[in-house]
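Engineer: Supplied structure: target-v5.txt, compact mmCIF, C-alpha atoms.
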```txt
# COMPACT_ATOMS: atom_id res chain seq x y z
CA MET A 29 -9.51 -42.91 -26.90
CA PHE A 30 -8.50 -39.37 -27.80
CA SER A 31 -6.72 -36.86 -25.61
CA THR A 32 -6.75 -33.09 -25.96
CA GLY A 33 -3.01 -32.76 -26.49
CA SER A 34 -1.34 -31.99 -29.80
CA SER A 35 -1.86 -35.59 -30.82
CA THR A 36 -4.36 -38.22 -29.88
CA TRP A 37 -4.41 -41.82 -28.84
CA ALA A 38 -6.62 -44.38 -30.49
CA VAL A 39 -6.73 -47.57 -28.51
CA ASP A 40 -7.21 -50.80 -30.37
CA SER A 41 -8.17 -53.26 -27.67
CA ASP A 42 -5.91 -55.93 -29.21
CA SER A 43 -2.72 -53.90 -29.52
CA GLU A 44 -0.69 -50.93 -28.35
CA PRO A 45 -2.14 -47.39 -28.52
CA VAL A 46 -1.80 -45.68 -31.89
CA ARG A 47 -0.99 -41.95 -32.09
CA VAL A 48 -3.48 -40.16 -34.36
CA PRO A 49 -3.20 -36.41 -35.05
CA ILE A 50 -6.39 -34.36 -35.03
CA GLU A 51 -6.81 -33.09 -38.59
CA ASP A 52 -9.81 -32.17 -40.71
CA ALA A 53 -10.26 -35.78 -41.87
CA LEU A 54 -10.21 -39.15 -40.15
CA ASP A 55 -9.76 -42.38 -42.10
CA LEU A 56 -11.68 -45.04 -40.19
CA HIS A 57 -10.11 -47.93 -42.12
CA ALA A 58 -7.33 -48.04 -39.51
CA PHE A 59 -9.75 -48.97 -36.72
CA ALA A 60 -11.49 -52.21 -35.85
CA PRO A 61 -15.21 -51.98 -36.71
CA ARG A 62 -16.16 -52.48 -33.05
CA ASP A 63 -14.13 -49.37 -32.10
CA VAL A 64 -15.35 -46.99 -34.81
CA ARG A 65 -18.29 -45.45 -32.93
CA SER A 66 -16.21 -44.57 -29.86
CA VAL A 67 -13.35 -43.31 -32.05
CA VAL A 68 -15.74 -41.04 -33.99
CA ASP A 69 -17.29 -39.73 -30.78
CA ASP A 70 -13.87 -38.89 -29.28
CA TYR A 71 -12.63 -37.45 -32.58
CA LEU A 72 -15.60 -35.07 -32.89
CA LEU A 73 -15.00 -33.74 -29.40
CA ALA A 74 -11.28 -33.23 -30.04
CA ALA A 75 -11.94 -31.60 -33.45
CA ALA A 76 -14.49 -29.21 -31.96
CA GLU A 77 -12.10 -28.32 -29.13
CA ARG A 78 -9.50 -27.39 -31.76
CA GLY A 79 -11.97 -25.14 -33.57
CA PHE A 80 -12.79 -27.26 -36.61
CA THR A 81 -16.20 -26.41 -38.06
CA GLU A 82 -16.13 -29.14 -40.71
CA VAL A 83 -14.50 -32.57 -40.77
CA ARG A 84 -14.55 -35.54 -43.13
CA LEU A 85 -14.99 -39.10 -41.89
CA ILE A 86 -13.72 -41.66 -44.39
CA HIS A 87 -15.57 -44.93 -43.82
CA GLY A 88 -15.33 -46.50 -47.27
CA ARG A 89 -18.00 -47.68 -49.67
CA GLY A 90 -18.26 -51.42 -49.18
CA ARG A 91 -21.77 -52.59 -48.34
CA GLY A 92 -22.56 -49.38 -46.44
CA VAL A 93 -22.57 -50.92 -42.96
CA GLN A 94 -19.87 -48.62 -41.56
CA ARG A 95 -21.47 -45.59 -43.25
CA ALA A 96 -24.83 -46.40 -41.66
CA SER A 97 -23.26 -46.89 -38.24
CA VAL A 98 -21.32 -43.62 -38.42
CA GLN A 99 -24.28 -41.63 -39.72
CA SER A 100 -26.54 -43.10 -37.03
CA LEU A 101 -24.15 -41.77 -34.39
CA LEU A 102 -23.93 -38.38 -36.13
CA ALA A 103 -27.73 -38.04 -36.26
CA ARG A 104 -27.92 -37.71 -32.48
CA HIS A 105 -24.49 -36.34 -31.58
CA PRO A 106 -24.68 -33.01 -29.67
CA LEU A 107 -21.71 -31.50 -31.55
CA VAL A 108 -23.11 -32.21 -35.03
CA LEU A 109 -24.92 -29.41 -36.81
CA SER A 110 -25.40 -31.38 -40.05
CA PHE A 111 -23.82 -34.13 -42.14
CA ALA A 112 -23.99 -35.43 -45.70
CA ASP A 113 -22.19 -37.72 -48.10
CA ALA A 114 -19.04 -36.13 -49.47
CA SER A 115 -18.90 -34.74 -52.98
CA PRO A 116 -17.47 -37.18 -55.56
CA GLU A 117 -14.04 -35.51 -55.49
CA ARG A 118 -13.91 -35.87 -51.67
CA GLY A 119 -14.93 -39.53 -51.52
CA GLY A 120 -18.61 -39.64 -52.51
CA TRP A 121 -20.67 -41.98 -50.36
CA GLY A 122 -17.41 -43.48 -49.03
CA ALA A 123 -16.98 -40.43 -46.80
CA THR A 124 -19.24 -38.20 -44.72
CA ILE A 125 -18.80 -34.45 -44.33
CA VAL A 126 -19.74 -33.27 -40.84
CA ARG A 127 -20.47 -29.66 -39.88
CA LEU A 128 -19.77 -29.08 -36.20
CA ARG A 129 -21.43 -26.68 -33.78
CA SER A 130 -19.18 -24.05 -32.24
CA GLU A 131 -20.32 -25.32 -28.84
CA PRO A 132 -22.36 -28.36 -27.81
CA ARG A 133 -26.12 -28.14 -27.80
CA ARG A 134 -27.31 -27.80 -24.25
CA SER A 135 -29.95 -30.07 -22.75
CA TRP A 136 -32.39 -27.98 -20.71
```
What is this file in structure tokens?
Structural biologist:
Amino acid sequence: MFSTGSSTWAVDSDSEPVRVPIEDALDLHAFAPRDVRSVVDDYLLAAAERGFTEVRLIHGRGRGVQRASVQSLLARHPLVLSFADASPERGGWGATIVRLRSEPRRSW
């Protein structure tokens, strides 16, 4: 789970909390696969609160399972304006670039 302080907490359900700073990129390799979706959701909120308009989520290449899971979440996330695979020099299809809205889309 992330807090809105100068650093964040990522909770791995099997161990102690891990302090994770909010930066313009998040490497998801450090998190258990079952925690990735909630970590990404919390990270996007914290990044938007800090004024980031673009972030990079590093999920790795592998078989594409983590990429698909992350991009599925991004496709319906209210803070996400758009997303795409990173350019080759920024990780290619092993990372996703996310453009964030300046404020969440409102449900009317």
Engineer: Quick one: everything within 9 Å of Asp69 of chain A, counting all atoms listed in the file, minus sequence neighbours fewer than 6 positions away in the same chain. Send it as a PyMOL selection string.
Structural biologist: chain A and resi 101-102+105
Engineer: Of the candidates A:Arg118, A:Val126, A:Asp113, A:Val93, which shows the shortest atom-to-atom distance to Tyr71 of chain A, using only C-alpha atoms?
Structural biologist: A:Val126
Engineer: With all atoms listed in the file as the basis for distance, which of A:Leu109, A:Ala103, A:Leu56, A:Leu128 is at the shortest distance from Leu85 of chain A?
Structural biologist: A:Leu56
Engineer: Find the spatial neighbours of Ala112 of chain A, counting all atoms listed in the file, within a cut-off of 9 Å - ignore same-chain residues fewer than 2 positions away - and output them as a list in words.
Structural biologist: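 The residues satisfying every condition are Gln99, Ser110, Ala114, Ser115, Trp121, Ala123, Thr124, Ile125, Val126 and Arg127 of chain A.
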Engineer: Closest to Val98 of chain A among A:Arg65, A:Ala74, A:Arg129, A:Gly79, using only C-alpha atoms?
Structural biologist: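 Smallest distance to Val98 of chain A is found for A:Arg65.
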Engineer: Between atom CA of Arg78 of chain A and atom CA of Pro116 of chain A, what is the spacing in Å?
Structural biologist: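 Computing it gives 26.9 Å between the two atoms.
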Engineer: Please indicate the distance in Å from atom CA of Arg95 of chain A to atom CA of Ser130 of chain A, rounded to one decimal place.
Structural biologist: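 Atom-to-atom, atom CA of Arg95 of chain A and atom CA of Ser130 of chain A are spaced 24.3 Å apart.
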Engineer: Applying 8 Å and all atoms listed in the file, which residues near His57 of chain A remain after dropping the ones on its own chain fewer than 5 positions away? List them as an MDAnalysis selection string.
Structural biologist: chainID A and resid 86:88
Engineer: Quick one: pull the distance between atom CA of Gln94 of chain A and atom CA of Pro61 of chain A, Å, one decimal.
Structural biologist: 7.5 Å
Engineer: Using all atoms listed in the file, which of the listed residues (A:Ala76, A:Ala60, A:Leu107, A:Gly122) sits closest to Arg89 of chain A?
Structural biologist: A:Gly122
Engineer: Looking at A:Gly90, A:Ile50, A:Ser97, A:Pro106, which one is nearest to Arg62 of chain A, with distances taken over only C-alpha atoms?
Structural biologist: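 When distances to Arg62 of chain A are compared using only C-alpha atoms, the smallest one comes from A:Ser97.
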